[in-house]
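K.L.:
Have a peek at model12.cif (mmCIF, C-alpha atoms).
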data_run
loop_
_atom_site.label_atom_id
_atom_site.label_comp_id
_atom_site.auth_asym_id
_atom_site.auth_seq_id
_atom_site.Cartn_x
_atom_site.Cartn_y
_atom_site.Cartn_z
CA MET P 1 108.60 95.20 93.97
CA ARG P 2 108.64 98.75 92.74
CA TRP P 3 105.26 100.00 93.96
CA LEU P 4 105.53 99.14 97.59
CA LEU P 5 102.04 99.10 99.05
CA LEU P 6 102.57 96.83 102.05
CA ASP P 7 103.14 98.09 105.60
CA GLU P 8 104.05 94.84 107.31
CA ILE P 9 104.61 91.18 106.52
CA LEU P 10 102.78 89.18 109.17
CA LYS P 11 103.80 85.66 108.14
CA ILE P 12 104.98 83.49 105.29
CA GLU P 13 104.47 79.75 105.58
CA LYS P 14 106.40 78.26 102.68
CA GLY P 15 104.10 76.41 100.32
CA LYS P 16 100.96 77.44 102.20
CA ILE P 17 100.15 81.08 102.95
CA ALA P 18 101.44 84.64 103.08
CA GLN P 19 99.76 87.33 105.15
CA THR P 20 100.47 91.05 105.12
CA ARG P 21 98.97 94.25 106.48
CA SER P 22 98.53 97.57 104.73
CA HIS P 23 96.38 100.67 104.55
CA PHE P 24 94.83 102.47 101.66
CA PRO P 25 97.14 105.23 100.41
CA ALA P 26 95.82 108.73 101.02
CA ALA P 27 95.14 110.73 97.88
CA ASP P 28 94.27 114.34 97.16
CA CYS P 29 92.28 113.39 94.10
CA GLU P 30 89.64 110.86 93.18
CA PHE P 31 90.90 107.61 91.69
CA SER P 32 89.79 104.04 91.33
CA PRO P 33 91.07 101.85 94.20
CA GLU P 34 90.90 98.54 92.31
CA PRO P 35 94.38 98.63 90.68
CA LEU P 36 96.01 99.35 94.04
CA LEU P 37 94.07 96.55 95.73
CA LEU P 38 95.17 94.16 92.96
CA GLU P 39 98.78 95.25 93.41
CA MET P 40 98.56 94.65 97.19
CA MET P 41 97.32 91.13 96.50
CA ALA P 42 100.04 90.54 93.88
CA GLN P 43 102.78 91.70 96.26
CA THR P 44 101.50 89.39 98.98
CA ALA P 45 101.23 86.51 96.48
CA ALA P 46 104.80 87.21 95.33
CA LEU P 47 106.05 86.70 98.88
CA LEU P 48 104.53 83.21 98.92
CA LEU P 49 105.76 82.20 95.46
CA GLY P 50 109.16 83.85 95.95
CA ALA P 51 109.86 81.62 98.94
CA GLU P 52 109.99 78.65 96.53
CA SER P 53 113.22 80.04 94.99
CA HIS P 54 114.50 81.49 98.29
CA TYR P 55 113.72 84.95 96.81
CA GLU P 56 116.55 84.58 94.28
CA LYS P 57 114.47 84.65 91.07
CA ASP P 58 112.36 87.50 89.73
CA LEU P 59 108.60 87.27 89.31
CA ILE P 60 106.13 88.58 86.76
CA PHE P 61 102.50 89.29 87.61
CA ALA P 62 101.17 87.54 84.51
CA LYS P 63 97.38 87.23 84.64
CA ILE P 64 94.21 88.01 86.54
CA GLU P 65 91.78 85.13 86.11
CA SER P 66 89.10 86.74 88.25
CA ALA P 67 88.69 89.65 90.63
CA GLU P 68 85.81 90.89 92.73
CA PHE P 69 85.60 94.19 94.57
CA LYS P 70 82.97 94.74 97.22
CA GLY P 71 81.81 98.06 98.56
CA SER P 72 82.63 101.45 97.20
CA GLY P 73 85.18 104.10 97.92
CA GLN P 74 88.48 103.77 99.70
CA PRO P 75 88.59 101.85 102.99
CA LYS P 76 89.82 103.98 105.89
CA GLU P 77 90.86 101.18 108.26
CA ALA P 78 93.73 98.70 108.20
CA LEU P 79 93.74 96.06 105.48
CA TRP P 80 94.78 92.43 105.91
CA ILE P 81 95.90 90.70 102.73
CA GLU P 82 96.23 86.93 102.36
CA ALA P 83 97.52 84.76 99.51
CA VAL P 84 97.25 80.97 99.32
CA SER P 85 97.99 78.39 96.66
CA GLU P 86 97.25 74.71 96.40
CA GLU P 87 100.08 74.05 93.96
CA LEU P 88 103.22 76.16 93.87
CA ARG P 89 105.46 75.08 91.00
CA PRO P 90 109.03 76.10 90.13
CA GLU P 91 107.81 77.98 87.05
CA GLY P 92 104.89 79.80 88.71
CA ALA P 93 101.52 79.41 90.34
CA TRP P 94 97.88 80.39 90.53
CA LEU P 95 97.26 82.17 93.83
CA ASP P 96 93.97 82.95 95.54
CA CYS P 97 94.05 86.27 97.35
CA VAL P 98 91.71 88.19 99.61
CA ILE P 99 91.72 91.59 101.31
CA ARG P 100 89.76 92.14 104.51
CA THR P 101 89.12 95.00 106.87
CA GLU P 102 88.27 94.29 110.47
CA CYS P 103 84.60 94.02 109.49
CA GLU P 104 84.41 92.63 105.97
CA GLU P 105 86.03 91.18 102.88
CA ILE P 106 86.52 93.99 100.37
CA ALA P 107 88.34 92.27 97.50
CA SER P 108 89.37 88.87 96.18
CA ALA P 109 91.24 87.69 93.12
CA ARG P 110 92.84 84.68 91.46
CA LEU P 111 96.24 85.71 90.12
CA PHE P 112 98.93 83.98 88.06
CA LEU P 113 102.57 84.80 88.81
CA ILE P 114 105.56 83.43 86.90
CA HIS P 115 109.17 82.89 88.01
CA ILE P 116 111.86 84.06 85.62
CA ASP P 117 115.61 84.06 86.15
CA ARG P 118 116.20 87.79 85.66
CA LEU P 119 114.09 90.77 84.62
CA ILE P 120 117.27 92.65 83.70
CA PRO P 121 119.78 90.62 81.65
CA GLY P 122 123.18 90.51 83.34
CA GLN P 123 121.75 91.52 86.73
CA THR P 124 123.14 89.20 89.40
CA ASN P 125 120.50 89.83 92.09
CA SER P 126 116.72 89.72 92.02
CA VAL P 127 115.05 92.99 91.06
CA THR P 128 111.75 91.80 92.51
CA PHE P 129 113.25 90.90 95.89
CA HIS P 130 116.09 93.41 96.15
CA GLU P 131 118.09 93.61 99.38
CA ALA P 132 116.55 96.91 100.53
CA PHE P 133 113.08 95.31 100.37
CA MET P 134 114.23 92.07 101.99
CA ASN P 135 115.96 93.92 104.84
CA HIS P 136 113.22 96.52 105.39
CA PHE P 137 110.60 93.81 105.96
CA ASN P 138 112.94 91.17 107.46
CA VAL P 139 111.45 88.77 104.91
CA ARG P 140 113.74 85.84 105.61
CA GLU P 141 113.02 86.06 109.34
CA LYS P 142 109.24 85.90 108.65
CA LEU P 143 109.57 82.73 106.56
CA LYS P 144 108.51 79.52 108.30
#
Could you render the structure as structure tokens?
P.N.:
Amino acid sequence: MRWLLLDEILKIEKGKIAQTRSHFPAADCEFSPEPLLLEMMAQTAALLLGAESHYEKDLIFAKIESAEFKGSGQPKEALWIEAVSEELRPEGAWLDCVIRTECEEIASARLFLIHIDRLIPGQTNSVTFHEAFMNHFNVREKLK
């Protein structure tokens, strides 16, 4: 996960749900928030799908089937991101994601992520779930 947009991993229930917390990055210039919101959802979804391979395989964010963004501008309060899937498969999964503030749902999407053995040929460890990321967020300790 190269664009780290998550602040905290709240929980990962293998095969069921992943929940994270974040905030909207501050910016000195105007920009569209939608790509960053999608990336937050994809990172949360990756935590759920990655648990299926014990975070040993890499993942590719392959497709956005649908996405809806509500409201305008950049939310100032904390964001809670959730990803769920009804059918996680060894090769990948469709995941339903939502982002909420304390008061409202601000975004939702249906994303497709794919497992692959390695993004970098010859690499022995996962690039997606590298040790610095895993240790920083204590990912394995959050997995239930």
K.L.:
Going by the chain IDs and residue numbers used in this file, which residues fall under the PyMOL selection byres ((chain P and resi 80-82) around 10)? Write them as a CSV table (one decimal) with C-alpha atoms, in the frame of the given file.
P.N.:
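Wrote out_10.csv, looks like this:
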chain,number,residue,atom,x,y,z
P,6,LEU,CA,102.6,96.8,102.0
P,8,GLU,CA,104.0,94.8,107.3
P,9,ILE,CA,104.6,91.2,106.5
P,10,LEU,CA,102.8,89.2,109.2
P,11,LYS,CA,103.8,85.7,108.1
P,12,ILE,CA,105.0,83.5,105.3
P,17,ILE,CA,100.2,81.1,103.0
P,18,ALA,CA,101.4,84.6,103.1
P,19,GLN,CA,99.8,87.3,105.2
P,20,THR,CA,100.5,91.0,105.1
P,21,ARG,CA,99.0,94.2,106.5
P,22,SER,CA,98.5,97.6,104.7
P,23,HIS,CA,96.4,100.7,104.6
P,37,LEU,CA,94.1,96.6,95.7
P,40,MET,CA,98.6,94.6,97.2
P,41,MET,CA,97.3,91.1,96.5
P,42,ALA,CA,100.0,90.5,93.9
P,43,GLN,CA,102.8,91.7,96.3
P,44,THR,CA,101.5,89.4,99.0
P,45,ALA,CA,101.2,86.5,96.5
P,48,LEU,CA,104.5,83.2,98.9
P,77,GLU,CA,90.9,101.2,108.3
P,78,ALA,CA,93.7,98.7,108.2
P,79,LEU,CA,93.7,96.1,105.5
P,83,ALA,CA,97.5,84.8,99.5
P,84,VAL,CA,97.2,81.0,99.3
P,95,LEU,CA,97.3,82.2,93.8
P,96,ASP,CA,94.0,83.0,95.5
P,97,CYS,CA,94.0,86.3,97.4
P,98,VAL,CA,91.7,88.2,99.6
P,99,ILE,CA,91.7,91.6,101.3
P,100,ARG,CA,89.8,92.1,104.5
P,101,THR,CA,89.1,95.0,106.9
P,102,GLU,CA,88.3,94.3,110.5
P,105,GLU,CA,86.0,91.2,102.9
P,107,ALA,CA,88.3,92.3,97.5
P,108,SER,CA,89.4,88.9,96.2
K.L.:
Taking all atoms listed in the file into account, name the residue in P:Lys57, P:Leu49, P:Gly92, P:Glu86 that is nearest to Asn125 of chain P.
P.N.:
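Closest residue, counting all atoms listed in the file: P:Lys57.
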K.L.:
In Å to one decimal, how far is atom CA of Asp58 of chain P from atom CA of Thr128 of chain P?
P.N.:
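Computing it gives 5.2 Å between the two atoms.
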K.L.:
Of the residues P:Ser66, P:Lys16, P:Glu91, P:Ala51, which is the one nearest to His115 of chain P, using all atoms listed in the file?
P.N.:
P:Glu91
K.L.:
Enumerate, as a ChimeraX atom specification, the residues matched when the PyMOL selection byres ((chain P and resi 139-144) around 7) is run on the file above.
P.N.:
/P:11-14,134-135,137-138
K.L.:
Considering all atoms listed in the file, state which residue in the set P:Leu5, P:Leu36, P:Cys103, P:Leu111 is at the smallest distance from Glu65 of chain P.
P.N.:
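For Glu65 of chain P, the nearest of the given residues is P:Leu111.
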K.L.:
Please measure the separation of atom CA of Leu59 of chain P and atom CA of Leu88 of chain P, giving the value in Å to one decimal.
P.N.:
13.2 Å
K.L.:
What is the atom CA of Gly122 of chain P-atom CA of Pro90 of chain P distance in Å, reported with one decimal?
P.N.:
21.3 Å
K.L.:
Excluding Ala93 of chain P and any residue of its chain fewer than 6 positions from it, enumerate the residues within 7 Å of it, using all atoms listed in the file, and give them as a list in words.
P.N.:
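Here the answer would be Glu87, Phe112, Leu113 and Ile114 of chain P.
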K.L.:
Measuring atom to atom with all atoms listed in the file, identify which of P:Gly15, P:Gly50, P:Pro33, P:Pro121 is nearest to Lys70 of chain P.
P.N.:
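Checking each candidate against Lys70 of chain P, we get P:Pro33 as the closest.
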K.L.:
Mind filling out segment 102-124 of chain P with N, CA and C atoms and sending it as a PDB file, keeping the file's coordinate frame?
P.N.:
ATOM      1  N   GLU P 102      88.666  94.945 109.227  1.00  0.00           N
ATOM      2  CA  GLU P 102      88.270  94.290 110.470  1.00  0.00           C
ATOM      3  C   GLU P 102      86.848  93.737 110.383  1.00  0.00           C
ATOM      4  N   CYS P 103      86.023  94.371 109.545  1.00  0.00           N
ATOM      5  CA  CYS P 103      84.600  94.020 109.490  1.00  0.00           C
ATOM      6  C   CYS P 103      84.179  93.182 108.293  1.00  0.00           C
ATOM      7  N   GLU P 104      84.916  93.271 107.182  1.00  0.00           N
ATOM      8  CA  GLU P 104      84.410  92.630 105.970  1.00  0.00           C
ATOM      9  C   GLU P 104      85.497  92.331 104.957  1.00  0.00           C
ATOM     10  N   GLU P 105      85.175  91.438 104.034  1.00  0.00           N
ATOM     11  CA  GLU P 105      86.030  91.180 102.880  1.00  0.00           C
ATOM     12  C   GLU P 105      85.723  92.257 101.853  1.00  0.00           C
ATOM     13  N   ILE P 106      86.766  92.921 101.341  1.00  0.00           N
ATOM     14  CA  ILE P 106      86.520  93.990 100.370  1.00  0.00           C
ATOM     15  C   ILE P 106      86.990  93.649  98.961  1.00  0.00           C
ATOM     16  N   ALA P 107      87.859  92.632  98.834  1.00  0.00           N
ATOM     17  CA  ALA P 107      88.340  92.270  97.500  1.00  0.00           C
ATOM     18  C   ALA P 107      88.870  90.837  97.512  1.00  0.00           C
ATOM     19  N   SER P 108      88.772  90.193  96.358  1.00  0.00           N
ATOM     20  CA  SER P 108      89.370  88.870  96.180  1.00  0.00           C
ATOM     21  C   SER P 108      89.779  88.733  94.724  1.00  0.00           C
ATOM     22  N   ALA P 109      90.778  87.894  94.492  1.00  0.00           N
ATOM     23  CA  ALA P 109      91.240  87.690  93.120  1.00  0.00           C
ATOM     24  C   ALA P 109      91.990  86.372  93.010  1.00  0.00           C
ATOM     25  N   ARG P 110      92.012  85.856  91.804  1.00  0.00           N
ATOM     26  CA  ARG P 110      92.840  84.680  91.460  1.00  0.00           C
ATOM     27  C   ARG P 110      93.874  85.197  90.468  1.00  0.00           C
ATOM     28  N   LEU P 111      95.146  85.132  90.878  1.00  0.00           N
ATOM     29  CA  LEU P 111      96.240  85.710  90.120  1.00  0.00           C
ATOM     30  C   LEU P 111      97.237  84.641  89.695  1.00  0.00           C
ATOM     31  N   PHE P 112      97.885  84.876  88.553  1.00  0.00           N
ATOM     32  CA  PHE P 112      98.930  83.980  88.060  1.00  0.00           C
ATOM     33  C   PHE P 112     100.239  84.741  88.052  1.00  0.00           C
ATOM     34  N   LEU P 113     101.230  84.216  88.772  1.00  0.00           N
ATOM     35  CA  LEU P 113     102.570  84.800  88.810  1.00  0.00           C
ATOM     36  C   LEU P 113     103.550  83.784  88.244  1.00  0.00           C
ATOM     37  N   ILE P 114     104.572  84.282  87.557  1.00  0.00           N
ATOM     38  CA  ILE P 114     105.560  83.430  86.900  1.00  0.00           C
ATOM     39  C   ILE P 114     106.957  83.763  87.410  1.00  0.00           C
ATOM     40  N   HIS P 115     107.749  82.731  87.698  1.00  0.00           N
ATOM     41  CA  HIS P 115     109.170  82.890  88.010  1.00  0.00           C
ATOM     42  C   HIS P 115     109.954  83.064  86.713  1.00  0.00           C
ATOM     43  N   ILE P 116     110.885  83.970  86.709  1.00  0.00           N
ATOM     44  CA  ILE P 116     111.860  84.060  85.620  1.00  0.00           C
ATOM     45  C   ILE P 116     113.229  84.260  86.272  1.00  0.00           C
ATOM     46  N   ASP P 117     114.282  83.915  85.555  1.00  0.00           N
ATOM     47  CA  ASP P 117     115.610  84.060  86.150  1.00  0.00           C
ATOM     48  C   ASP P 117     115.934  85.516  86.449  1.00  0.00           C
ATOM     49  N   ARG P 118     115.854  86.389  85.453  1.00  0.00           N
ATOM     50  CA  ARG P 118     116.200  87.790  85.660  1.00  0.00           C
ATOM     51  C   ARG P 118     115.336  88.699  84.778  1.00  0.00           C
ATOM     52  N   LEU P 119     114.813  89.747  85.382  1.00  0.00           N
ATOM     53  CA  LEU P 119     114.090  90.770  84.620  1.00  0.00           C
ATOM     54  C   LEU P 119     115.062  91.630  83.817  1.00  0.00           C
ATOM     55  N   ILE P 120     116.248  91.847  84.371  1.00  0.00           N
ATOM     56  CA  ILE P 120     117.270  92.650  83.700  1.00  0.00           C
ATOM     57  C   ILE P 120     118.432  91.730  83.343  1.00  0.00           C
ATOM     58  N   PRO P 121     118.676  91.509  82.044  1.00  0.00           N
ATOM     59  CA  PRO P 121     119.780  90.620  81.650  1.00  0.00           C
ATOM     60  C   PRO P 121     121.109  91.108  82.245  1.00  0.00           C
ATOM     61  N   GLY P 122     121.888  90.170  82.751  1.00  0.00           N
ATOM     62  CA  GLY P 122     123.180  90.510  83.340  1.00  0.00           C
ATOM     63  C   GLY P 122     123.109  90.909  84.805  1.00  0.00           C
ATOM     64  N   GLN P 123     121.926  91.167  85.314  1.00  0.00           N
ATOM     65  CA  GLN P 123     121.750  91.520  86.730  1.00  0.00           C
ATOM     66  C   GLN P 123     122.016  90.266  87.566  1.00  0.00           C
ATOM     67  N   THR P 124     122.815  90.380  88.599  1.00  0.00           N
ATOM     68  CA  THR P 124     123.140  89.200  89.400  1.00  0.00           C
ATOM     69  C   THR P 124     122.144  88.947  90.528  1.00  0.00           C
TER      70      THR P 124
END
